[in-house]
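Okay, structure first, notes after.
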Amino acid sequence: MLRLISAVGERSARSIEQLGDISIFGCQIVKCFLRPPLRFRPFVKELHKLGVLSLLIIGISGLAVGMVLALQGYIELSKYGSESSLGGFVGIVLVRELGPVLTGLLVTGRAGSATTAEIGTMVASEQLDGLRMMSVNPIDVVVVPRALAMILVMPLLNAIFTVLGLLGGWLVGVRVMGLDSGAYIGSLTASVGFQEDVASGLLKSVLFGVLVALVSTYKGFNSAPTSEGVSHSTTMCVVTASLAILVSNYFFTALWGM
Amino acid sequence: MGRLAIRNFVVGLFVLVGLASIAYLSLSVGGLSVGGGDGLTIYAHFDDISGLKPLAKVTVAGVKVGEVVEIDLDDDYRARVEMTLDAALEYPYDTSASIITAGILGDKYVELLIGGDDKTFIDGDTITFTESALVLERLIGKLIHNTSVGDGN
């Protein structure tokens, strides 16, 4: 019994320690970012890797999610004879919740895990130690461009996901279900507001970008220098970042509504 | 073009498409107005607004001409609704405002009935003729009351 309690205590202490560690890591990233020179070329390379190469999965997912939302929404709404508010339904669900959250989860799986694995392999093959030996700060060269690119890419991908989702909803609602196109777009623009919907969704995705950037680079940077260690931190990156997105999403929504 | 130049181009394209999507969401879907604020501000006092919210539309003959900015109580405990209207139009002094529901369960909005007066509203004026929202519960209550009185006779 006593051993159980002390095990719980050890676990809690370790998780708090890790939280502090991540915060210090985040401060170091900000410090390195603020100190010139800004490395532009690796930043563009990461934008390409994290953003452009994620476009396909984001686009297909957005389209599919919008289409299924319209399908489900149409069936439910037609029971109350209010199919004409399908556009508003699809728009609000996509812009407020599914756009930011699903983009966050997809980018975590597609790009966050790759970032962790890449940095982890650098640790395992002692590349970061090599940089340190040349008195180059590895955070400056390896972490900052990746973190920065992740934060910038997230709202852009979210916007693309959402717009394609709206298009998917329009395709199903108007082309398949035979809804009036004007009714779909009219209800969409009437229901979705800038401050309470669009701004909140975009800010959410920036927040998720920060979370995924922090978690994926931290886990890679601190992975054990073995192949098992790299695979473990990659798994932990996806788990931690996904949970962080889903939990922080609730609190952000609650605070934004106040 | 070299490999690097192509990559830069693709990244630039990606960023532009992303920004365009954000702009579309904000401006077209979200209805964010750029450089607004040159509208005509007009007030109207209602006995009951039941469910009218800020950002609700203001229409003339069903066409949107503005939106509700703020709702608060005046000194007589009536609802004071602040609206901004399209300043390009002229609103005669005897224009009346009524609160309408879109459909049976839809959103509340303000409909203006344009009058015939030569004098027109200027910034900060108050609409004198108003018609409050139709509250369904009160209507049903009145109906039930009337029929039960009728049965008694």
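Going through the structure tokens in order, the chains are called A, B, and so on, while each chain numbers its residues from 1 and the ligands are numbered from 1 in the order shown.
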Could you build a table of the residues in chain B lying no more than 8 Å from chain A, giving for each the nearest pair of atoms and their separation in Å rounded to one decimal place, using only C-alpha atoms, ordered by chain and ascending residue number, as a Markdown table?
```
| residue | atom | partner | partner_atom | distance |
| --- | --- | --- | --- | --- |
| B:Arg7 | CA | A:His48 | CA | 7.1 |
| B:Asn8 | CA | A:Val44 | CA | 6.9 |
| B:Val10 | CA | A:Val52 | CA | 7.4 |
| B:Val11 | CA | A:His48 | CA | 5.5 |
| B:Phe14 | CA | A:Val52 | CA | 6.1 |
| B:Val15 | CA | A:Leu156 | CA | 7.0 |
| B:Val17 | CA | A:Ile160 | CA | 7.5 |
| B:Gly18 | CA | A:Leu156 | CA | 4.3 |
| B:Leu19 | CA | A:Leu156 | CA | 6.4 |
| B:Ser21 | CA | A:Ala159 | CA | 5.2 |
| B:Ile22 | CA | A:Ala159 | CA | 5.3 |
| B:Leu25 | CA | A:Val198 | CA | 6.6 |
| B:Ser26 | CA | A:Phe194 | CA | 5.8 |
| B:Leu27 | CA | A:Phe194 | CA | 7.9 |
| B:Ser28 | CA | A:Thr189 | CA | 7.1 |
| B:Val29 | CA | A:Thr189 | CA | 4.7 |
| B:Gly30 | CA | A:Phe194 | CA | 4.2 |
| B:Gly31 | CA | A:Phe194 | CA | 6.1 |
| B:Leu32 | CA | A:Phe194 | CA | 5.6 |
```
Just the strand (DSSP E) stuff from chain B, please, per backbone DSSP, written as a PDB file with N, CA and C atoms, in the first residue's frame.
```pdb
ATOM      1  N   LEU B  40     -24.585  54.354 -40.896  1.00  0.00           N
ATOM      2  CA  LEU B  40     -25.479  55.265 -40.193  1.00  0.00           C
ATOM      3  C   LEU B  40     -25.912  54.582 -38.897  1.00  0.00           C
ATOM      4  N   THR B  41     -25.700  55.221 -37.745  1.00  0.00           N
ATOM      5  CA  THR B  41     -26.097  54.629 -36.469  1.00  0.00           C
ATOM      6  C   THR B  41     -27.468  55.162 -36.071  1.00  0.00           C
ATOM      7  N   ILE B  42     -28.401  54.239 -35.851  1.00  0.00           N
ATOM      8  CA  ILE B  42     -29.770  54.623 -35.512  1.00  0.00           C
ATOM      9  C   ILE B  42     -30.241  53.762 -34.347  1.00  0.00           C
ATOM     10  N   TYR B  43     -31.041  54.345 -33.475  1.00  0.00           N
ATOM     11  CA  TYR B  43     -31.555  53.608 -32.318  1.00  0.00           C
ATOM     12  C   TYR B  43     -33.040  53.342 -32.485  1.00  0.00           C
ATOM     13  N   ALA B  44     -33.510  52.282 -31.818  1.00  0.00           N
ATOM     14  CA  ALA B  44     -34.938  52.017 -31.786  1.00  0.00           C
ATOM     15  C   ALA B  44     -35.265  51.421 -30.430  1.00  0.00           C
ATOM     16  N   HIS B  45     -36.391  51.820 -29.859  1.00  0.00           N
ATOM     17  CA  HIS B  45     -36.793  51.295 -28.550  1.00  0.00           C
ATOM     18  C   HIS B  45     -37.944  50.314 -28.738  1.00  0.00           C
ATOM     19  N   PHE B  46     -37.822  49.139 -28.142  1.00  0.00           N
ATOM     20  CA  PHE B  46     -38.858  48.108 -28.270  1.00  0.00           C
ATOM     21  C   PHE B  46     -39.349  47.716 -26.880  1.00  0.00           C
ATOM     22  N   LYS B  57     -29.421  40.714 -38.575  1.00  0.00           N
ATOM     23  CA  LYS B  57     -29.483  41.608 -39.731  1.00  0.00           C
ATOM     24  C   LYS B  57     -30.649  42.593 -39.628  1.00  0.00           C
ATOM     25  N   VAL B  58     -30.479  43.707 -40.320  1.00  0.00           N
ATOM     26  CA  VAL B  58     -31.556  44.688 -40.453  1.00  0.00           C
ATOM     27  C   VAL B  58     -31.900  44.728 -41.934  1.00  0.00           C
ATOM     28  N   THR B  59     -33.188  44.582 -42.276  1.00  0.00           N
ATOM     29  CA  THR B  59     -33.551  44.495 -43.682  1.00  0.00           C
ATOM     30  C   THR B  59     -34.584  45.548 -44.060  1.00  0.00           C
ATOM     31  N   VAL B  60     -34.585  45.866 -45.319  1.00  0.00           N
ATOM     32  CA  VAL B  60     -35.658  46.654 -45.913  1.00  0.00           C
ATOM     33  C   VAL B  60     -36.207  45.814 -47.058  1.00  0.00           C
ATOM     34  N   VAL B  63     -34.197  42.817 -47.956  1.00  0.00           N
ATOM     35  CA  VAL B  63     -32.808  42.965 -48.378  1.00  0.00           C
ATOM     36  C   VAL B  63     -31.993  43.509 -47.213  1.00  0.00           C
ATOM     37  N   LYS B  64     -30.844  42.894 -46.935  1.00  0.00           N
ATOM     38  CA  LYS B  64     -30.042  43.312 -45.792  1.00  0.00           C
ATOM     39  C   LYS B  64     -29.441  44.694 -46.027  1.00  0.00           C
ATOM     40  N   VAL B  65     -29.665  45.611 -45.069  1.00  0.00           N
ATOM     41  CA  VAL B  65     -29.094  46.953 -45.198  1.00  0.00           C
ATOM     42  C   VAL B  65     -28.208  47.294 -44.007  1.00  0.00           C
ATOM     43  N   GLY B  66     -28.139  46.427 -43.015  1.00  0.00           N
ATOM     44  CA  GLY B  66     -27.315  46.742 -41.858  1.00  0.00           C
ATOM     45  C   GLY B  66     -27.424  45.659 -40.822  1.00  0.00           C
ATOM     46  N   GLU B  67     -26.891  45.930 -39.619  1.00  0.00           N
ATOM     47  CA  GLU B  67     -26.983  44.936 -38.562  1.00  0.00           C
ATOM     48  C   GLU B  67     -27.109  45.579 -37.195  1.00  0.00           C
ATOM     49  N   VAL B  68     -27.584  44.751 -36.233  1.00  0.00           N
ATOM     50  CA  VAL B  68     -27.733  45.201 -34.856  1.00  0.00           C
ATOM     51  C   VAL B  68     -26.358  45.232 -34.211  1.00  0.00           C
ATOM     52  N   VAL B  69     -26.024  46.346 -33.567  1.00  0.00           N
ATOM     53  CA  VAL B  69     -24.703  46.464 -32.949  1.00  0.00           C
ATOM     54  C   VAL B  69     -24.774  46.143 -31.470  1.00  0.00           C
ATOM     55  N   GLU B  70     -25.727  46.774 -30.772  1.00  0.00           N
ATOM     56  CA  GLU B  70     -25.750  46.631 -29.327  1.00  0.00           C
ATOM     57  C   GLU B  70     -27.188  46.691 -28.834  1.00  0.00           C
ATOM     58  N   ILE B  71     -27.461  45.955 -27.749  1.00  0.00           N
ATOM     59  CA  ILE B  71     -28.790  45.984 -27.152  1.00  0.00           C
ATOM     60  C   ILE B  71     -28.626  46.254 -25.661  1.00  0.00           C
ATOM     61  N   ASP B  72     -29.315  47.268 -25.128  1.00  0.00           N
ATOM     62  CA  ASP B  72     -29.336  47.451 -23.678  1.00  0.00           C
ATOM     63  C   ASP B  72     -30.685  48.051 -23.270  1.00  0.00           C
ATOM     64  N   LEU B  73     -30.820  48.301 -21.954  1.00  0.00           N
ATOM     65  CA  LEU B  73     -32.089  48.829 -21.458  1.00  0.00           C
ATOM     66  C   LEU B  73     -32.024  50.346 -21.386  1.00  0.00           C
ATOM     67  N   ALA B  79     -36.211  47.983 -24.256  1.00  0.00           N
ATOM     68  CA  ALA B  79     -34.965  47.572 -24.913  1.00  0.00           C
ATOM     69  C   ALA B  79     -34.546  48.631 -25.923  1.00  0.00           C
ATOM     70  N   ARG B  80     -33.275  49.050 -25.819  1.00  0.00           N
ATOM     71  CA  ARG B  80     -32.759  50.044 -26.754  1.00  0.00           C
ATOM     72  C   ARG B  80     -31.804  49.316 -27.698  1.00  0.00           C
ATOM     73  N   VAL B  81     -32.158  49.316 -28.975  1.00  0.00           N
ATOM     74  CA  VAL B  81     -31.385  48.563 -29.966  1.00  0.00           C
ATOM     75  C   VAL B  81     -30.609  49.547 -30.833  1.00  0.00           C
ATOM     76  N   GLU B  82     -29.284  49.347 -30.857  1.00  0.00           N
ATOM     77  CA  GLU B  82     -28.443  50.194 -31.703  1.00  0.00           C
ATOM     78  C   GLU B  82     -28.158  49.451 -33.006  1.00  0.00           C
ATOM     79  N   MET B  83     -28.392  50.131 -34.155  1.00  0.00           N
ATOM     80  CA  MET B  83     -28.179  49.490 -35.455  1.00  0.00           C
ATOM     81  C   MET B  83     -27.260  50.355 -36.307  1.00  0.00           C
ATOM     82  N   THR B  84     -26.439  49.724 -37.138  1.00  0.00           N
ATOM     83  CA  THR B  84     -25.733  50.496 -38.165  1.00  0.00           C
ATOM     84  C   THR B  84     -26.345  50.130 -39.504  1.00  0.00           C
ATOM     85  N   LEU B  85     -26.681  51.157 -40.266  1.00  0.00           N
ATOM     86  CA  LEU B  85     -27.341  50.950 -41.554  1.00  0.00           C
ATOM     87  C   LEU B  85     -26.452  51.459 -42.676  1.00  0.00           C
ATOM     88  N   SER B  96     -40.709  52.755 -39.811  1.00  0.00           N
ATOM     89  CA  SER B  96     -40.943  51.991 -38.587  1.00  0.00           C
ATOM     90  C   SER B  96     -40.109  50.715 -38.592  1.00  0.00           C
ATOM     91  N   ALA B  97     -39.811  50.238 -37.372  1.00  0.00           N
ATOM     92  CA  ALA B  97     -38.983  49.032 -37.230  1.00  0.00           C
ATOM     93  C   ALA B  97     -39.799  47.961 -36.532  1.00  0.00           C
ATOM     94  N   SER B  98     -39.741  46.729 -37.031  1.00  0.00           N
ATOM     95  CA  SER B  98     -40.386  45.637 -36.320  1.00  0.00           C
ATOM     96  C   SER B  98     -39.448  44.438 -36.260  1.00  0.00           C
ATOM     97  N   ILE B  99     -39.613  43.657 -35.198  1.00  0.00           N
ATOM     98  CA  ILE B  99     -38.768  42.478 -35.026  1.00  0.00           C
ATOM     99  C   ILE B  99     -39.488  41.275 -35.598  1.00  0.00           C
ATOM    100  N   ILE B 100     -38.835  40.589 -36.501  1.00  0.00           N
ATOM    101  CA  ILE B 100     -39.455  39.505 -37.249  1.00  0.00           C
ATOM    102  C   ILE B 100     -38.664  38.225 -37.007  1.00  0.00           C
ATOM    103  N   THR B 101     -39.329  37.089 -37.087  1.00  0.00           N
ATOM    104  CA  THR B 101     -38.642  35.808 -36.985  1.00  0.00           C
ATOM    105  C   THR B 101     -38.548  35.183 -38.372  1.00  0.00           C
ATOM    106  N   LYS B 108     -34.142  35.907 -35.063  1.00  0.00           N
ATOM    107  CA  LYS B 108     -34.867  37.176 -35.070  1.00  0.00           C
ATOM    108  C   LYS B 108     -34.056  38.220 -35.831  1.00  0.00           C
ATOM    109  N   TYR B 109     -34.745  39.074 -36.563  1.00  0.00           N
ATOM    110  CA  TYR B 109     -34.067  40.196 -37.197  1.00  0.00           C
ATOM    111  C   TYR B 109     -34.995  41.400 -37.243  1.00  0.00           C
ATOM    112  N   VAL B 110     -34.427  42.548 -37.625  1.00  0.00           N
ATOM    113  CA  VAL B 110     -35.206  43.785 -37.633  1.00  0.00           C
ATOM    114  C   VAL B 110     -35.571  44.131 -39.070  1.00  0.00           C
ATOM    115  N   GLU B 111     -36.853  44.354 -39.311  1.00  0.00           N
ATOM    116  CA  GLU B 111     -37.309  44.755 -40.640  1.00  0.00           C
ATOM    117  C   GLU B 111     -37.755  46.212 -40.571  1.00  0.00           C
ATOM    118  N   LEU B 112     -37.255  47.027 -41.483  1.00  0.00           N
ATOM    119  CA  LEU B 112     -37.658  48.432 -41.524  1.00  0.00           C
ATOM    120  C   LEU B 112     -38.723  48.608 -42.581  1.00  0.00           C
ATOM    121  N   LEU B 113     -39.800  49.303 -42.211  1.00  0.00           N
ATOM    122  CA  LEU B 113     -40.850  49.654 -43.173  1.00  0.00           C
ATOM    123  C   LEU B 113     -40.663  51.116 -43.539  1.00  0.00           C
ATOM    124  N   THR B 126     -33.409  58.338 -33.386  1.00  0.00           N
ATOM    125  CA  THR B 126     -34.142  57.206 -32.826  1.00  0.00           C
ATOM    126  C   THR B 126     -35.424  56.990 -33.612  1.00  0.00           C
ATOM    127  N   ILE B 127     -35.689  55.748 -33.958  1.00  0.00           N
ATOM    128  CA  ILE B 127     -36.925  55.415 -34.666  1.00  0.00           C
ATOM    129  C   ILE B 127     -38.085  55.442 -33.675  1.00  0.00           C
ATOM    130  N   PHE B 129     -41.549  54.756 -34.387  1.00  0.00           N
ATOM    131  CA  PHE B 129     -42.562  53.706 -34.574  1.00  0.00           C
ATOM    132  C   PHE B 129     -41.899  52.338 -34.553  1.00  0.00           C
ATOM    133  N   THR B 130     -42.193  51.561 -33.508  1.00  0.00           N
ATOM    134  CA  THR B 130     -41.626  50.213 -33.449  1.00  0.00           C
ATOM    135  C   THR B 130     -42.705  49.198 -33.134  1.00  0.00           C
ATOM    136  N   GLU B 131     -42.421  47.970 -33.538  1.00  0.00           N
ATOM    137  CA  GLU B 131     -43.346  46.869 -33.254  1.00  0.00           C
ATOM    138  C   GLU B 131     -42.520  45.746 -32.646  1.00  0.00           C
TER     139      GLU B 131
END
```
Please list as a VMD selection string every residue within 9 Å of A:Phe208, counting only C-alpha atoms and excluding residues in the same chain fewer than 2 positions away. chain A and resid 100 to 101 104 151 154 to 155 203 to 206 210 to 213 241 244 to 245 248 to 249
Find, counting only C-alpha atoms, the residue in A:Ser200, A:Ser23, A:Thr217, A:Thr235 that gets nearest to A:Gly257.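 Answer, going by the shortest atom-to-atom distance: A:Ser200.
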Set the distance at 12 Å and use only C-alpha atoms: which residues neighbour A:Ser223 once local chain neighbours fewer than 5 positions away are removed? I'd like the list as a list in words.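 The residues satisfying every condition are Thr116, Ala117, Glu118, Ile119, Gly120, Thr121, Met122, Val123, Ala124, Ser125, Glu126, Val215, Ser216, Thr217, Tyr218, Glu228, Gly229, Val230, Ser231, His232, Ser233, Thr234, Thr235, Met236 and Cys237 of chain A.
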Residue neighbourhood A:Ser181, 12 Å, only C-alpha atoms, exclusion window fewer than 4 positions, as an MDAnalysis selection string: chainID A and resid 83:87 167 169:177 185:188
Separation of atom CA of B:Asp94 and atom CA of B:Ile114, in Å? 7.4 Å
So how many Å separate atom CA of A:Ala70 and atom CA of A:Leu102, to one decimal? 16.8 Å
Taking the DSSP secondary structure from the backbone, can you list the residues of chain B that are alpha helix (DSSP H), as number ranges by chain? B: 3-23, 136-152
Find the spatial neighbours of B:Gly115, counting only C-alpha atoms, within a cut-off of 10 Å - ignore same-chain residues fewer than 5 positions away - and output them as a ChimeraX atom specification. /B:91-96,120
Writing out the chosen residues with N, CA, C and O atoms as a CSV table (one decimal), in the first residue's frame:
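Okay, out.csv is ready:
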```csv
chain,number,residue,atom,x,y,z
B,91,TYR,N,-33.3,57.1,-45.1
B,91,TYR,CA,-34.4,56.5,-44.4
B,91,TYR,C,-35.4,57.6,-43.9
B,91,TYR,O,-35.0,58.4,-43.1
B,92,PRO,N,-36.6,57.7,-44.5
B,92,PRO,CA,-37.5,58.7,-44.1
B,92,PRO,C,-37.8,58.7,-42.6
B,92,PRO,O,-37.7,57.7,-41.9
B,93,TYR,N,-38.2,59.9,-42.0
B,93,TYR,CA,-38.3,60.0,-40.6
B,93,TYR,C,-39.4,59.2,-40.0
B,93,TYR,O,-39.4,58.9,-38.8
B,94,ASP,N,-40.4,58.8,-40.8
B,94,ASP,CA,-41.5,58.0,-40.3
B,94,ASP,C,-41.4,56.5,-40.6
B,94,ASP,O,-42.3,55.7,-40.6
B,95,THR,N,-40.1,56.1,-40.9
B,95,THR,CA,-39.8,54.7,-41.0
B,95,THR,C,-40.1,53.9,-39.7
B,95,THR,O,-39.7,54.4,-38.7
B,96,SER,N,-40.7,52.8,-39.8
B,96,SER,CA,-40.9,52.0,-38.6
B,96,SER,C,-40.1,50.7,-38.6
B,96,SER,O,-39.7,50.2,-39.6
B,120,THR,N,-35.2,62.9,-43.4
B,120,THR,CA,-34.6,61.6,-43.3
B,120,THR,C,-33.8,61.5,-42.0
B,120,THR,O,-33.4,62.5,-41.4
```
Which value, in Å to one decimal, gives the distance between atom CA of A:Gly178 and atom CA of B:Ala102?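 Atom-to-atom, atom CA of A:Gly178 and atom CA of B:Ala102 are spaced 22.2 Å apart.
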Considering only C-alpha atoms, state which residue in the set A:Ser54, A:Ser78, A:Gln72, A:Gln18 is at the smallest distance from A:Arg110.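 Of the candidates, the smallest distance to A:Arg110 is held by A:Ser54.
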